[in-house]
Amino acid sequence: MRFLLDAEQAEFGRTLGRMLAAADTPAAVRAWGAGDSGPGRAVWRRLGAAGVFGLAVPEKYGGAGFLPVELAVAYVEAGRYAVPGPLVETAAAAVLLDRLGDAGPAGERLPAVAAGDAVVSYADLACGPYALDATAADATLLVSGGTLRQAGGGGPVQPSVDPARRLSRYAADGGTVLASGPAVRAAAALAADTARLLTAAQALGVGRRLLDDTVAYVKQRTQFGVAVGSFQAVKHRLADVLLGLEFAEPLVFGAAVELAGGGEAGGGIAMAKVAAGEAAYAAARAALQLHGALGYTDELPLSLWIRKARALRGAWGTPAECRARVLASPAPGG
């Protein structure tokens, strides 16, 4: 199995990175957390114009088809630049609606998703009771058992460790029924795998950004007349962070390749989710401590990535849940 990106995929990631670097995403994140989704939606429209959301939407609805590897590339960059909103949930909802076909409202929702004009929150209540950013979404879809519903109104909001992530709780039997039956269960399973994979990709991008910013900082900060980055303890700490991220990256893209091939990727995706989430969390801890702890970082843009790393670690499966899934998965070739 090939884990390396080809030239076209790598250039796609670089192009998105350049676009997002010019979009002032920290300001969009802070506005989103304050309840103003306007700047964040402007970033979404740029991502839509670049074809990012279309990677989860079939061609007949204006997308490019389901391309997990390219989605992972895009979501690494989204994490690197801390793009706000239910990015993962919108892609997962698109996958769900596509798999339901005429049994669900695909034709009504997916063209707007592909264009970046629709923000969709989605929750599989078997994976967790909260829908992300439902108060800023155009629609909130909920799956419970074998039933897909569209939620009505906003549920009670639960604070998150990341102020730009607002979590709404919904009842399992609330809202309007859109579809039900075995097709919903099968589509929801694929949507959940997609959500775990893209959460892992986002976490990988967050970890990369935290490492890059911390390396740049320790080269500038001095103590005893020398840069603190020259201290062995600092070098070893950052080397450990780098190793964690380097270990997680092939797991993320390997899981994307498996998902693209239609194989049983659940165990691989859970492994990638654990590795990327833990690596990003380790990067956040190192960034926090090497910048001088919370009082020094809370007002810096760095804090946006530190908080996001903690939130993504538990989103769409805690480390313990994902490890249990890995242990329950059949061995390769077994």
# chains A, B, ... in the order shown; residues from 1 in each chain; ligands from 1

call {"tool": "residues_around", "arguments": {"residues": "region 114-117 of chain A", "least_positions_apart": "2", "cutoff": "7 Å", "atoms": "only C-alpha atoms", "output": "MDAnalysis selection string"}}
result
chainID A and resid 44:45 47:49 53:54 57 62:63 110:112 119

call {"tool": "write_last_selection", "arguments": {"atoms": "all heavy atoms", "output": "compact mmCIF listing (two decimals), in the first residue's frame"}}
result
# COMPACT_ATOMS: atom_id res chain seq x y z
N TRP A 44 -15.00 29.52 4.36
CA TRP A 44 -15.68 28.33 3.83
C TRP A 44 -15.94 28.47 2.33
O TRP A 44 -15.75 27.53 1.57
CB TRP A 44 -17.01 28.12 4.56
CG TRP A 44 -16.89 27.36 5.83
CD1 TRP A 44 -16.19 27.74 6.95
CD2 TRP A 44 -17.47 26.09 6.14
NE1 TRP A 44 -16.32 26.79 7.93
CE2 TRP A 44 -17.09 25.77 7.47
CE3 TRP A 44 -18.28 25.21 5.44
CZ2 TRP A 44 -17.49 24.60 8.09
CZ3 TRP A 44 -18.69 24.04 6.07
CH2 TRP A 44 -18.29 23.74 7.37
N ARG A 45 -16.39 29.66 1.93
CA ARG A 45 -16.67 29.84 0.49
C ARG A 45 -15.40 29.73 -0.34
O ARG A 45 -15.44 29.20 -1.46
CB ARG A 45 -17.36 31.20 0.28
CG ARG A 45 -18.82 31.22 0.75
CD ARG A 45 -19.55 32.46 0.29
NE ARG A 45 -19.06 33.65 0.97
CZ ARG A 45 -19.54 34.09 2.14
NH1 ARG A 45 -20.52 33.44 2.75
NH2 ARG A 45 -19.07 35.20 2.67
N LEU A 47 -12.85 27.84 0.46
CA LEU A 47 -12.57 26.39 0.42
C LEU A 47 -13.50 25.70 -0.58
O LEU A 47 -13.07 24.80 -1.30
CB LEU A 47 -12.74 25.78 1.81
CG LEU A 47 -11.69 26.15 2.86
CD1 LEU A 47 -12.08 25.60 4.22
CD2 LEU A 47 -10.31 25.62 2.46
N GLY A 48 -14.75 26.13 -0.60
CA GLY A 48 -15.69 25.55 -1.56
C GLY A 48 -15.26 25.83 -2.99
O GLY A 48 -15.32 24.95 -3.86
N ALA A 49 -14.81 27.06 -3.26
CA ALA A 49 -14.35 27.41 -4.60
C ALA A 49 -13.12 26.62 -4.99
O ALA A 49 -12.89 26.33 -6.18
CB ALA A 49 -14.06 28.91 -4.68
N PHE A 53 -14.93 20.87 -0.33
CA PHE A 53 -16.13 20.15 0.10
C PHE A 53 -16.65 19.23 -1.00
O PHE A 53 -17.30 18.22 -0.71
CB PHE A 53 -17.20 21.14 0.55
CG PHE A 53 -16.77 22.00 1.69
CD1 PHE A 53 -16.55 23.35 1.52
CD2 PHE A 53 -16.53 21.45 2.94
CE1 PHE A 53 -16.13 24.15 2.57
CE2 PHE A 53 -16.11 22.23 4.00
CZ PHE A 53 -15.90 23.59 3.82
N GLY A 54 -16.36 19.57 -2.24
CA GLY A 54 -16.76 18.70 -3.34
C GLY A 54 -16.07 17.35 -3.33
O GLY A 54 -16.52 16.42 -4.00
N VAL A 57 -18.57 14.93 -2.21
CA VAL A 57 -19.87 15.02 -2.90
C VAL A 57 -19.73 14.40 -4.29
O VAL A 57 -18.75 14.66 -4.99
CB VAL A 57 -20.30 16.50 -3.01
CG1 VAL A 57 -21.57 16.64 -3.84
CG2 VAL A 57 -20.50 17.11 -1.62
N GLY A 62 -22.35 18.27 -8.25
CA GLY A 62 -21.38 19.35 -8.34
C GLY A 62 -20.06 19.08 -7.66
O GLY A 62 -19.22 19.99 -7.57
N GLY A 63 -19.84 17.84 -7.20
CA GLY A 63 -18.60 17.51 -6.52
C GLY A 63 -17.64 16.74 -7.40
O GLY A 63 -17.81 16.66 -8.62
N LEU A 110 -26.70 18.65 -1.13
CA LEU A 110 -25.32 18.45 -1.56
C LEU A 110 -24.78 19.50 -2.52
O LEU A 110 -23.59 19.83 -2.44
CB LEU A 110 -25.15 17.05 -2.14
CG LEU A 110 -25.29 15.92 -1.11
CD1 LEU A 110 -25.03 14.56 -1.74
CD2 LEU A 110 -24.35 16.13 0.08
N PRO A 111 -25.54 20.05 -3.46
CA PRO A 111 -24.96 21.09 -4.32
C PRO A 111 -24.45 22.29 -3.53
O PRO A 111 -23.37 22.84 -3.82
CB PRO A 111 -26.12 21.47 -5.24
CG PRO A 111 -26.97 20.23 -5.31
CD PRO A 111 -26.89 19.66 -3.92
N ALA A 112 -25.19 22.71 -2.50
CA ALA A 112 -24.76 23.84 -1.68
C ALA A 112 -23.55 23.47 -0.84
O ALA A 112 -22.65 24.29 -0.61
CB ALA A 112 -25.90 24.31 -0.79
N VAL A 119 -23.31 25.24 5.56
CA VAL A 119 -22.64 24.72 6.76
C VAL A 119 -23.60 23.73 7.40
O VAL A 119 -24.73 24.10 7.77
CB VAL A 119 -22.29 25.85 7.74
CG1 VAL A 119 -21.71 25.29 9.03
CG2 VAL A 119 -21.32 26.83 7.09

call {"tool": "closest_atom_pairs", "arguments": {"of": "region 259-322 of chain A", "to": "region 226-233 of chain A", "cutoff": "12 Å", "atoms": "only C-alpha atoms", "output": "CSV"}}
result
residue,atom,partner,partner_atom,distance
A:Ala286,CA,A:Ala233,CA,11.5
A:Leu290,CA,A:Val228,CA,9.0
A:His291,CA,A:Val228,CA,10.6
A:Gly292,CA,A:Val228,CA,11.8

call {"tool": "write_last_selection", "arguments": {"atoms": "N, CA and C atoms", "output": "short mmCIF file (atom, residue, chain, number, x, y, z; two decimals), in the first residue's frame"}}
result
data_model
loop_
_atom_site.label_atom_id
_atom_site.label_comp_id
_atom_site.auth_asym_id
_atom_site.auth_seq_id
_atom_site.Cartn_x
_atom_site.Cartn_y
_atom_site.Cartn_z
N ALA A 286 3.72 20.88 24.78
CA ALA A 286 5.07 21.41 24.61
C ALA A 286 5.03 22.90 24.26
N LEU A 290 6.77 25.69 26.63
CA LEU A 290 7.94 26.37 26.10
C LEU A 290 7.68 27.83 25.79
N HIS A 291 6.41 28.20 25.68
CA HIS A 291 6.08 29.62 25.54
C HIS A 291 5.91 30.31 26.89
N GLY A 292 5.94 29.55 27.98
CA GLY A 292 5.87 30.17 29.29
C GLY A 292 4.58 29.95 30.03
#

call {"tool": "closest_residue", "arguments": {"among": "A:Ala191, A:Val43, A:Ala136, A:Leu178", "to": "Asp98 (chain A)", "atoms": "only C-alpha atoms"}}
result
A:Ala191

call {"tool": "select_by_dssp", "arguments": {"residues": "region 157-227 of chain A", "states": "helix (DSSP H, G or I)", "output": "PyMOL selection string"}}
result
chain A and resi 182-220

call {"tool": "write_last_selection", "arguments": {"atoms": "C-alpha atoms", "output": "CSV table (one decimal), in the first residue's frame"}}
result
chain,number,residue,atom,x,y,z
A,182,PRO,CA,-30.8,-0.5,7.3
A,183,ALA,CA,-29.5,2.0,4.6
A,184,VAL,CA,-29.2,4.7,7.3
A,185,ARG,CA,-27.2,2.5,9.6
A,186,ALA,CA,-24.8,1.5,6.8
A,187,ALA,CA,-24.4,5.1,5.6
A,188,ALA,CA,-23.9,6.3,9.2
A,189,ALA,CA,-21.1,3.8,9.7
A,190,LEU,CA,-19.2,5.2,6.7
A,191,ALA,CA,-19.9,8.8,7.8
A,192,ALA,CA,-18.5,8.1,11.2
A,193,ASP,CA,-15.4,6.5,9.8
A,194,THR,CA,-15.0,9.6,7.5
A,195,ALA,CA,-15.5,11.9,10.5
A,196,ARG,CA,-12.8,10.1,12.5
A,197,LEU,CA,-10.4,10.2,9.6
A,198,LEU,CA,-10.9,13.9,9.0
A,199,THR,CA,-10.6,14.7,12.7
A,200,ALA,CA,-7.3,12.9,12.7
A,201,ALA,CA,-6.2,14.9,9.7
A,202,GLN,CA,-7.2,18.1,11.3
A,203,ALA,CA,-5.3,17.2,14.5
A,204,LEU,CA,-2.2,16.4,12.4
A,205,GLY,CA,-2.4,19.8,10.9
A,206,VAL,CA,-2.9,21.4,14.3
A,207,GLY,CA,0.1,19.6,15.7
A,208,ARG,CA,2.3,20.6,12.7
A,209,ARG,CA,1.4,24.3,13.2
A,210,LEU,CA,2.1,24.1,17.0
A,211,LEU,CA,5.5,22.5,16.4
A,212,ASP,CA,6.4,25.1,13.7
A,213,ASP,CA,5.4,28.0,15.8
A,214,THR,CA,7.2,26.7,18.9
A,215,VAL,CA,10.4,26.0,17.0
A,216,ALA,CA,10.4,29.5,15.7
A,217,TYR,CA,9.8,30.9,19.2
A,218,VAL,CA,12.6,29.0,20.9
A,219,LYS,CA,15.0,30.2,18.3
A,220,GLN,CA,14.1,33.8,19.3

call {"tool": "residues_around", "arguments": {"residues": "Glu278 (chain A)", "least_positions_apart": "3", "cutoff": "8 Å", "atoms": "only C-alpha atoms", "output": "PyMOL selection string"}}
result
chain A and resi 244+274-275+281-282+313+319

call {"tool": "closest_residue", "arguments": {"among": "A:Phe66, A:Phe247, A:Phe224, A:Tyr81", "to": "Thr25 (chain A)", "atoms": "only C-alpha atoms"}}
result
A:Tyr81

call {"tool": "residues_around", "arguments": {"residues": "Ala265 (chain A)", "least_positions_apart": "2", "cutoff": "12 Å", "atoms": "only C-alpha atoms", "output": "PyMOL selection string"}}
result
chain A and resi 68+189-190+192-194+196-197+251-263+267-273+325-326+329-332

call {"tool": "closest_atom_pairs", "arguments": {"of": "region 29-128 of chain A", "to": "region 166-175 of chain A", "cutoff": "10 Å", "atoms": "only C-alpha atoms", "output": "tab-separated table"}}
result
residue	atom	partner	partner_atom	distance
A:Trp32	CA	A:Arg166	CA	9.6
A:Gly33	CA	A:Arg166	CA	8.0
A:Gly35	CA	A:Arg166	CA	9.7
A:Gly85	CA	A:Arg166	CA	9.0
A:Pro86	CA	A:Arg166	CA	9.6
A:Ser121	CA	A:Ser168	CA	9.9
A:Ala123	CA	A:Tyr170	CA	9.2
A:Asp124	CA	A:Ala172	CA	9.7
A:Leu125	CA	A:Ala172	CA	7.1
A:Ala126	CA	A:Ala172	CA	9.8
A:Gly128	CA	A:Arg169	CA	9.3

call {"tool": "write_last_selection", "arguments": {"atoms": "C-alpha atoms", "output": "PDB file, in the first residue's frame"}}
result
ATOM      1  CA  TRP A  32     -16.716  32.575  15.283  1.00  0.00           C
ATOM      2  CA  GLY A  33     -16.196  32.024  19.001  1.00  0.00           C
ATOM      3  CA  GLY A  35     -20.930  34.391  17.659  1.00  0.00           C
ATOM      4  CA  GLY A  85     -16.812  25.522  12.005  1.00  0.00           C
ATOM      5  CA  PRO A  86     -18.125  21.968  11.569  1.00  0.00           C
ATOM      6  CA  SER A 121     -23.751  20.127  11.567  1.00  0.00           C
ATOM      7  CA  ALA A 123     -24.129  14.072  14.976  1.00  0.00           C
ATOM      8  CA  ASP A 124     -24.326  10.312  15.241  1.00  0.00           C
ATOM      9  CA  LEU A 125     -25.748   9.914  18.714  1.00  0.00           C
ATOM     10  CA  ALA A 126     -24.061   6.516  19.020  1.00  0.00           C
ATOM     11  CA  GLY A 128     -21.649  11.242  21.163  1.00  0.00           C
TER      12      GLY A 128
END

call {"tool": "residues_around", "arguments": {"residues": "Leu71 (chain A)", "least_positions_apart": "5", "cutoff": "8 Å", "atoms": "only C-alpha atoms", "output": "count of residues only"}}
result
4

call {"tool": "atom_distance", "arguments": {"atom1": "CA of Ala118 (chain A)", "atom2": "CA of Ala137 (chain A)"}}
result
7.7 Å
